[in-house]
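Participant: Got a structure for you, data_2.cif, holding mmCIF, C-alpha atoms.
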```
data_my_file
#
loop_
_atom_site.group_PDB
_atom_site.id
_atom_site.type_symbol
_atom_site.label_atom_id
_atom_site.label_comp_id
_atom_site.auth_asym_id
_atom_site.auth_seq_id
_atom_site.Cartn_x
_atom_site.Cartn_y
_atom_site.Cartn_z
ATOM 1 C CA MET A 1 0.000 0.000 0.000
ATOM 2 C CA LYS A 2 2.798 2.402 0.888
ATOM 3 C CA ALA A 3 4.565 1.568 -2.371
ATOM 4 C CA PHE A 4 1.420 2.425 -4.340
ATOM 5 C CA GLU A 5 1.041 5.721 -2.486
ATOM 6 C CA ASN A 6 4.676 6.524 -3.229
ATOM 7 C CA PHE A 7 4.003 5.876 -6.919
ATOM 8 C CA ALA A 8 0.648 7.691 -7.122
ATOM 9 C CA LYS A 9 1.655 10.898 -5.351
ATOM 10 C CA GLY A 10 3.595 12.150 -8.375
ATOM 11 C CA ILE A 11 0.619 11.710 -10.672
ATOM 12 C CA ILE A 12 -1.910 13.902 -8.854
ATOM 13 C CA LYS A 13 -1.119 14.945 -5.273
ATOM 14 C CA GLU A 14 2.449 16.099 -6.014
ATOM 15 C CA ASN A 15 2.291 16.477 -9.800
ATOM 16 C CA PRO A 16 5.641 18.077 -10.702
ATOM 17 C CA VAL A 17 4.136 20.500 -13.245
ATOM 18 C CA LEU A 18 0.653 21.401 -12.027
ATOM 19 C CA VAL A 19 1.265 21.248 -8.253
ATOM 20 C CA LEU A 20 4.996 21.725 -7.632
ATOM 21 C CA LEU A 21 5.372 24.006 -10.690
ATOM 22 C CA LEU A 22 8.642 22.437 -11.831
ATOM 23 C CA GLY A 23 9.829 21.996 -15.410
ATOM 24 C CA THR A 24 7.716 24.861 -16.745
ATOM 25 C CA CYS A 25 10.192 25.731 -19.529
ATOM 26 C CA PRO A 26 9.843 22.455 -21.495
ATOM 27 C CA THR A 27 6.167 22.323 -20.555
ATOM 28 C CA LEU A 28 5.438 25.576 -22.346
ATOM 29 C CA ALA A 29 7.878 24.975 -25.187
ATOM 30 C CA VAL A 30 7.007 21.482 -26.433
ATOM 31 C CA THR A 31 3.257 21.333 -25.806
ATOM 32 C CA THR A 32 2.330 22.828 -29.180
ATOM 33 C CA SER A 33 1.835 19.255 -30.427
ATOM 34 C CA VAL A 34 0.905 16.004 -28.705
ATOM 35 C CA SER A 35 3.685 14.002 -30.364
ATOM 36 C CA ASN A 36 6.381 16.379 -29.108
ATOM 37 C CA ALA A 37 4.859 16.400 -25.616
ATOM 38 C CA PHE A 38 4.771 12.612 -25.456
ATOM 39 C CA GLY A 39 8.375 12.380 -26.668
ATOM 40 C CA MET A 40 9.573 14.857 -24.051
ATOM 41 C CA GLY A 41 7.616 13.087 -21.312
ATOM 42 C CA ALA A 42 9.010 9.683 -22.265
ATOM 43 C CA ALA A 43 12.576 11.029 -22.445
ATOM 44 C CA ALA A 44 12.317 12.783 -19.076
ATOM 45 C CA THR A 45 10.787 9.678 -17.476
ATOM 46 C CA ALA A 46 13.602 7.475 -18.775
ATOM 47 C CA VAL A 47 16.254 9.885 -17.461
ATOM 48 C CA LEU A 48 14.434 10.263 -14.142
ATOM 49 C CA LEU A 49 14.177 6.501 -13.666
ATOM 50 C CA GLY A 50 17.798 5.809 -14.583
ATOM 51 C CA SER A 51 19.251 8.648 -12.504
ATOM 52 C CA ASN A 52 17.095 7.896 -9.446
ATOM 53 C CA VAL A 53 18.105 4.234 -9.450
ATOM 54 C CA ALA A 54 21.804 5.041 -9.966
ATOM 55 C CA ILE A 55 21.912 7.782 -7.331
ATOM 56 C CA SER A 56 20.035 5.648 -4.824
ATOM 57 C CA ALA A 57 22.433 2.749 -5.375
ATOM 58 C CA LEU A 58 25.454 5.040 -4.943
ATOM 59 C CA ARG A 59 24.067 7.251 -2.167
ATOM 60 C CA LYS A 60 26.413 5.785 0.470
ATOM 61 C CA VAL A 61 29.456 6.088 -1.779
ATOM 62 C CA ILE A 62 29.066 9.655 -3.084
ATOM 63 C CA PRO A 63 30.712 12.172 -0.686
ATOM 64 C CA ASP A 64 28.306 14.764 0.671
ATOM 65 C CA LYS A 65 30.495 17.703 -0.405
ATOM 66 C CA VAL A 66 30.363 16.770 -4.086
ATOM 67 C CA ARG A 67 26.918 15.232 -4.251
ATOM 68 C CA ILE A 68 25.353 17.907 -6.519
ATOM 69 C CA PRO A 69 28.123 17.761 -9.179
ATOM 70 C CA SER A 70 27.989 13.966 -8.978
ATOM 71 C CA TYR A 71 24.218 13.965 -9.495
ATOM 72 C CA ILE A 72 24.555 16.256 -12.511
ATOM 73 C CA VAL A 73 27.189 13.992 -14.078
ATOM 74 C CA ILE A 74 24.949 10.944 -13.594
ATOM 75 C CA ILE A 75 21.917 12.767 -15.019
ATOM 76 C CA ALA A 76 23.955 14.051 -17.979
ATOM 77 C CA ALA A 77 25.082 10.503 -18.753
ATOM 78 C CA PHE A 78 21.493 9.260 -18.969
ATOM 79 C CA VAL A 79 20.446 12.290 -21.029
ATOM 80 C CA THR A 80 23.243 11.523 -23.492
ATOM 81 C CA ILE A 81 22.068 7.902 -23.775
ATOM 82 C CA VAL A 82 18.471 9.003 -24.386
ATOM 83 C CA GLU A 83 19.611 11.540 -26.995
ATOM 84 C CA MET A 84 21.625 8.914 -28.861
ATOM 85 C CA VAL A 85 18.710 6.445 -28.852
ATOM 86 C CA MET A 86 16.240 9.059 -30.093
ATOM 87 C CA HIS A 87 18.653 10.311 -32.738
ATOM 88 C CA ALA A 88 19.062 6.761 -34.031
ATOM 89 C CA PHE A 89 15.447 5.553 -33.961
ATOM 90 C CA VAL A 90 13.215 8.681 -34.038
ATOM 91 C CA PRO A 91 15.280 11.396 -35.753
ATOM 92 C CA GLY A 92 12.175 13.472 -36.558
ATOM 93 C CA LEU A 93 11.232 13.736 -32.893
ATOM 94 C CA TYR A 94 14.870 14.344 -31.970
ATOM 95 C CA ASP A 95 14.991 17.334 -34.340
ATOM 96 C CA ALA A 96 11.612 18.639 -33.149
ATOM 97 C CA LEU A 97 12.613 18.658 -29.480
ATOM 98 C CA GLY A 98 15.945 20.256 -30.295
ATOM 99 C CA VAL A 99 17.781 21.929 -27.440
ATOM 100 C CA PHE A 100 15.052 21.100 -24.927
ATOM 101 C CA LEU A 101 16.143 17.472 -25.034
ATOM 102 C CA SER A 102 19.629 18.415 -23.836
ATOM 103 C CA LEU A 103 18.180 20.757 -21.227
ATOM 104 C CA ILE A 104 16.724 17.764 -19.359
ATOM 105 C CA VAL A 105 20.102 17.779 -17.583
ATOM 106 C CA VAL A 106 19.119 20.931 -15.681
ATOM 107 C CA ASN A 107 15.432 20.080 -15.325
ATOM 108 C CA CYS A 108 14.402 20.880 -11.755
ATOM 109 C CA ILE A 109 12.278 17.727 -11.568
ATOM 110 C CA ILE A 110 15.243 15.423 -12.220
ATOM 111 C CA LEU A 111 17.710 17.089 -9.877
ATOM 112 C CA GLY A 112 15.018 17.762 -7.273
ATOM 113 C CA ARG A 113 14.016 14.106 -6.974
ATOM 114 C CA ALA A 114 17.670 13.074 -6.850
ATOM 115 C CA GLU A 115 18.395 15.444 -3.976
ATOM 116 C CA MET A 116 15.143 15.113 -2.048
ATOM 117 C CA TYR A 117 14.314 11.435 -2.488
ATOM 118 C CA ALA A 118 16.775 9.147 -4.289
ATOM 119 C CA SER A 119 19.700 10.192 -2.091
ATOM 120 C CA LYS A 120 17.754 9.216 1.050
ATOM 121 C CA ASN A 121 15.839 6.079 0.028
ATOM 122 C CA GLY A 122 16.385 2.601 -1.398
ATOM 123 C CA VAL A 123 16.510 1.613 -5.049
ATOM 124 C CA GLY A 124 12.984 0.175 -5.227
ATOM 125 C CA ALA A 125 11.318 3.171 -3.577
ATOM 126 C CA SER A 126 13.356 5.567 -5.720
ATOM 127 C CA ALA A 127 12.318 3.736 -8.887
ATOM 128 C CA LEU A 128 8.634 4.006 -7.942
ATOM 129 C CA ASP A 129 9.070 7.675 -7.122
ATOM 130 C CA ALA A 130 10.698 8.257 -10.519
ATOM 131 C CA LEU A 131 7.939 6.420 -12.388
ATOM 132 C CA GLY A 132 5.211 8.324 -10.559
ATOM 133 C CA MET A 133 6.832 11.701 -11.163
ATOM 134 C CA GLY A 134 7.632 10.823 -14.773
ATOM 135 C CA ILE A 135 4.097 9.692 -15.543
ATOM 136 C CA GLY A 136 2.700 12.780 -13.806
ATOM 137 C CA PHE A 137 4.979 14.998 -15.889
ATOM 138 C CA THR A 138 3.964 13.203 -19.101
ATOM 139 C CA LEU A 139 0.242 13.421 -18.332
ATOM 140 C CA ALA A 140 0.517 17.146 -17.638
ATOM 141 C CA LEU A 141 2.316 17.655 -20.966
ATOM 142 C CA LEU A 142 -0.305 15.571 -22.807
ATOM 143 C CA ALA A 143 -3.176 17.521 -21.230
ATOM 144 C CA MET A 144 -1.667 20.853 -22.244
ATOM 145 C CA SER A 145 -0.643 19.731 -25.716
ATOM 146 C CA THR A 146 -4.060 18.198 -26.431
ATOM 147 C CA ILE A 147 -5.849 21.452 -25.644
ATOM 148 C CA ARG A 148 -3.360 23.576 -27.571
ATOM 149 C CA GLU A 149 -3.192 21.354 -30.650
ATOM 150 C CA VAL A 150 -6.908 20.533 -30.883
ATOM 151 C CA PHE A 151 -8.173 24.068 -30.425
ATOM 152 C CA GLY A 152 -5.121 25.876 -31.777
ATOM 153 C CA ALA A 153 -4.464 23.828 -34.917
ATOM 154 C CA GLY A 154 -7.592 21.698 -35.293
ATOM 155 C CA SER A 155 -5.617 18.455 -35.208
ATOM 156 C CA TRP A 156 -4.426 15.733 -32.825
ATOM 157 C CA MET A 157 -1.146 13.901 -33.325
ATOM 158 C CA GLY A 158 -0.991 15.629 -36.706
ATOM 159 C CA MET A 159 -4.381 14.230 -37.818
ATOM 160 C CA SER A 160 -6.911 16.887 -38.838
ATOM 161 C CA ILE A 161 -10.200 16.955 -36.883
ATOM 162 C CA PRO A 162 -13.308 17.717 -38.990
ATOM 163 C CA PHE A 163 -15.224 20.904 -38.122
ATOM 164 C CA VAL A 164 -12.758 21.865 -35.353
ATOM 165 C CA SER A 165 -10.055 22.561 -37.954
ATOM 166 C CA GLU A 166 -12.272 25.279 -39.448
ATOM 167 C CA TYR A 167 -12.677 27.197 -36.179
ATOM 168 C CA THR A 168 -9.254 27.221 -34.585
ATOM 169 C CA VAL A 169 -7.821 29.692 -32.079
ATOM 170 C CA PRO A 170 -4.267 30.253 -33.412
ATOM 171 C CA ILE A 171 -3.092 32.120 -30.313
ATOM 172 C CA LEU A 172 -3.184 28.830 -28.378
ATOM 173 C CA LYS A 173 -0.206 27.709 -30.438
ATOM 174 C CA GLU A 174 1.738 30.792 -29.358
ATOM 175 C CA ALA A 175 3.417 31.580 -26.033
ATOM 176 C CA PRO A 176 0.483 33.616 -24.574
ATOM 177 C CA GLY A 177 -1.876 30.722 -25.314
ATOM 178 C CA GLY A 178 0.490 28.322 -23.593
ATOM 179 C CA PHE A 179 0.534 30.431 -20.442
ATOM 180 C CA PHE A 180 -3.273 30.705 -20.539
ATOM 181 C CA VAL A 181 -3.792 26.938 -20.788
ATOM 182 C CA PHE A 182 -1.120 26.333 -18.143
ATOM 183 C CA GLY A 183 -2.849 28.705 -15.726
ATOM 184 C CA CYS A 184 -6.270 27.134 -16.344
ATOM 185 C CA LEU A 185 -4.963 23.629 -15.636
ATOM 186 C CA ILE A 186 -3.268 24.773 -12.429
ATOM 187 C CA ALA A 187 -6.514 26.426 -11.322
ATOM 188 C CA LEU A 188 -8.470 23.211 -11.982
ATOM 189 C CA VAL A 189 -5.985 21.122 -10.016
ATOM 190 C CA ASN A 190 -6.103 23.578 -7.104
ATOM 191 C CA LYS A 191 -9.903 23.552 -7.168
ATOM 192 C CA PHE A 192 -10.547 19.818 -7.356
ATOM 193 C CA GLY A 193 -7.264 18.250 -6.249
ATOM 194 C CA SER A 194 -6.542 19.895 -2.902
ATOM 195 C CA HIS A 195 -8.242 18.487 0.178
ATOM 196 C CA LYS A 196 -7.044 20.190 3.316
ATOM 197 C CA PRO A 197 -7.774 18.362 6.582
ATOM 198 C CA LYS A 198 -10.201 20.057 8.925
ATOM 199 C CA LYS A 199 -8.735 21.458 12.108
ATOM 200 C CA GLU A 200 -10.206 20.062 15.302
ATOM 201 C CA PHE A 201 -10.761 22.366 18.266
ATOM 202 C CA THR A 202 -8.905 21.423 21.430
ATOM 203 C CA CYS A 203 -8.411 23.110 24.770
ATOM 204 C CA GLU A 204 -4.738 23.770 24.003
ATOM 205 C CA GLY A 205 -5.768 25.846 21.002
ATOM 206 C CA CYS A 206 -8.257 27.977 22.933
ATOM 207 C CA PRO A 207 -7.198 31.576 23.721
ATOM 208 C CA SER A 208 -8.639 31.201 27.238
ATOM 209 C CA PHE A 209 -6.745 28.027 28.068
ATOM 210 C CA GLY A 210 -4.331 29.945 30.310
ATOM 211 C CA LEU A 211 -7.223 31.219 32.408
ATOM 212 C CA CYS A 212 -9.375 28.120 32.849
ATOM 213 C CA GLY A 213 -6.694 25.427 32.576
ATOM 214 C CA GLY A 214 -9.060 23.108 30.716
ATOM 215 C CA LYS A 215 -11.763 23.197 33.440
ATOM 216 C CA CYS A 216 -14.415 24.321 30.977
ATOM 217 C CA SER A 217 -14.064 21.079 28.982
ATOM 218 C CA VAL A 218 -14.539 19.059 32.176
ATOM 219 C CA ASN A 219 -17.634 21.031 33.103
ATOM 220 C CA ASP A 220 -18.983 20.607 29.581
ATOM 221 C CA GLY A 221 -18.529 16.830 29.505
ATOM 222 C CA GLY A 222 -15.182 16.849 27.678
ATOM 223 C CA SER A 223 -16.459 18.436 24.442
ATOM 224 C CA GLY A 224 -13.767 21.097 24.483
ATOM 225 C CA GLU A 225 -16.284 23.976 24.338
ATOM 226 C CA GLU A 226 -16.704 26.642 26.997
ATOM 227 C CA SER A 227 -19.981 26.319 28.850
ATOM 228 C CA GLU A 228 -19.723 29.687 30.510
ATOM 229 C CA ALA A 229 -17.397 32.655 30.630
ATOM 230 C CA VAL A 230 -14.503 32.368 33.027
#
```
Step by step, read the file and then write its structure as structure tokens.
Facilitator:
Amino acid sequence: MKAFENFAKGIIKENPVLVLLLGTCPTLAVTTSVSNAFGMGAAATAVLLGSNVAISALRKVIPDKVRIPSYIVIIAAFVTIVEMVMHAFVPGLYDALGVFLSLIVVNCIILGRAEMYASKNGVGASALDALGMGIGFTLALLAMSTIREVFGAGSWMGMSIPFVSEYTVPILKEAPGGFFVFGCLIALVNKFGSHKPKKEFTCEGCPSFGLCGGKCSVNDGGSGEESEAV
């Protein structure tokens, strides 16, 4: 159960893009099309998984004073591997992502999970954390790119959508449209995804606790409410 919670938190509760607001640069840059968004999400997930596992396995070996440079070297190694694989098998996607593929090295999501989680937990837990965060990042990119491509270009994955293609909103393909969609998604997540626990009233939290010493709760049957003024 705990393992599932560790995996699921990155998808909704601690979504790196829509809740933690990390990785906004590639989010806004590559979400003009669904194919580019999926490619970036898959690449970032692969790097996140590889770096989390490696850093977790080496966490007791890496000296504390050089941990950040060491993490960056490990992350850069996995980014290079992903770049080489994409260049060999999906050159069109590699060219479309361009410099943003290399910039995964300095993505706050990757380095943040390495520093905050992988360096303090075991390999299995770190792998689940990476998968959850990676899937959450990919889903956020797909949500944004779907809205921007469908309503901005009248297509999805490059395939034209009848009727919608005749009434597009071109600004959604531009930077202002990206910020608008990004803000709307964050607002929706804040509205429907945040459930703050209710605060319970106790004697210790009462402003008059220093005067009555908790006697009012005894007189009131232990409900914690004042029955009369002290």
Participant: Could you tell me which residues the PyMOL selection byres ((chain A and resi 36-44) around 8) grabs in this file, written as a ChimeraX atom specification?
Facilitator: /A:27,30-35,45-48,82,93,96-97,101,104,110,134-135,137-139,141-142,145
Participant: Could you please determine the separation between CA of Leu22 (chain A) and CA of Lys120 (chain A) in Å, to one decimal place?
Facilitator: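 Going from CA of Leu22 (chain A) over to CA of Lys120 (chain A) covers 20.6 Å.
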Participant: Could you pull out every residue with an atom within 9 Å of (-7.5, 23.5, -31.8), file coordinates, counting all atoms listed in the file, and send them as a list of chain:residue names?
Facilitator: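 Within the cut-off we find A:Thr146, A:Ile147, A:Arg148, A:Glu149, A:Val150, A:Phe151, A:Gly152, A:Ala153, A:Gly154, A:Ser155, A:Trp156, A:Ile161, A:Val164, A:Ser165, A:Tyr167, A:Thr168, A:Val169, A:Pro170, A:Leu172, A:Lys173.
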Participant: Restricting the output to C-alpha atoms, write the selected residues as an mmCIF file, in the frame of the given file.
Facilitator:
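And here is the file that came out, part-v7.cif:
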```cif
data_model
loop_
_atom_site.group_PDB
_atom_site.id
_atom_site.type_symbol
_atom_site.label_atom_id
_atom_site.label_comp_id
_atom_site.auth_asym_id
_atom_site.auth_seq_id
_atom_site.Cartn_x
_atom_site.Cartn_y
_atom_site.Cartn_z
ATOM 1 C CA THR A 146 -4.060 18.198 -26.431
ATOM 2 C CA ILE A 147 -5.849 21.452 -25.644
ATOM 3 C CA ARG A 148 -3.360 23.576 -27.571
ATOM 4 C CA GLU A 149 -3.192 21.354 -30.650
ATOM 5 C CA VAL A 150 -6.908 20.533 -30.883
ATOM 6 C CA PHE A 151 -8.173 24.068 -30.425
ATOM 7 C CA GLY A 152 -5.121 25.876 -31.777
ATOM 8 C CA ALA A 153 -4.464 23.828 -34.917
ATOM 9 C CA GLY A 154 -7.592 21.698 -35.293
ATOM 10 C CA SER A 155 -5.617 18.455 -35.208
ATOM 11 C CA TRP A 156 -4.426 15.733 -32.825
ATOM 12 C CA ILE A 161 -10.200 16.955 -36.883
ATOM 13 C CA VAL A 164 -12.758 21.865 -35.353
ATOM 14 C CA SER A 165 -10.055 22.561 -37.954
ATOM 15 C CA TYR A 167 -12.677 27.197 -36.179
ATOM 16 C CA THR A 168 -9.254 27.221 -34.585
ATOM 17 C CA VAL A 169 -7.821 29.692 -32.079
ATOM 18 C CA PRO A 170 -4.267 30.253 -33.412
ATOM 19 C CA LEU A 172 -3.184 28.830 -28.378
ATOM 20 C CA LYS A 173 -0.206 27.709 -30.438
#
```
Participant: Just the number, please: distance in Å from CA of Val85 (chain A) to CA of Asn107 (chain A), one decimal.
Facilitator: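 One can read the CA of Val85 (chain A) to CA of Asn107 (chain A) distance as 19.5 Å.
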Participant: Evaluate the PyMOL selection byres ((chain A and resi 106) around 12) against this structure - the residues, as a PyMOL selection string, please.
Facilitator: chain A and resi 22-23+25-26+44+47-48+68-69+71-76+79+99-105+107-112+114
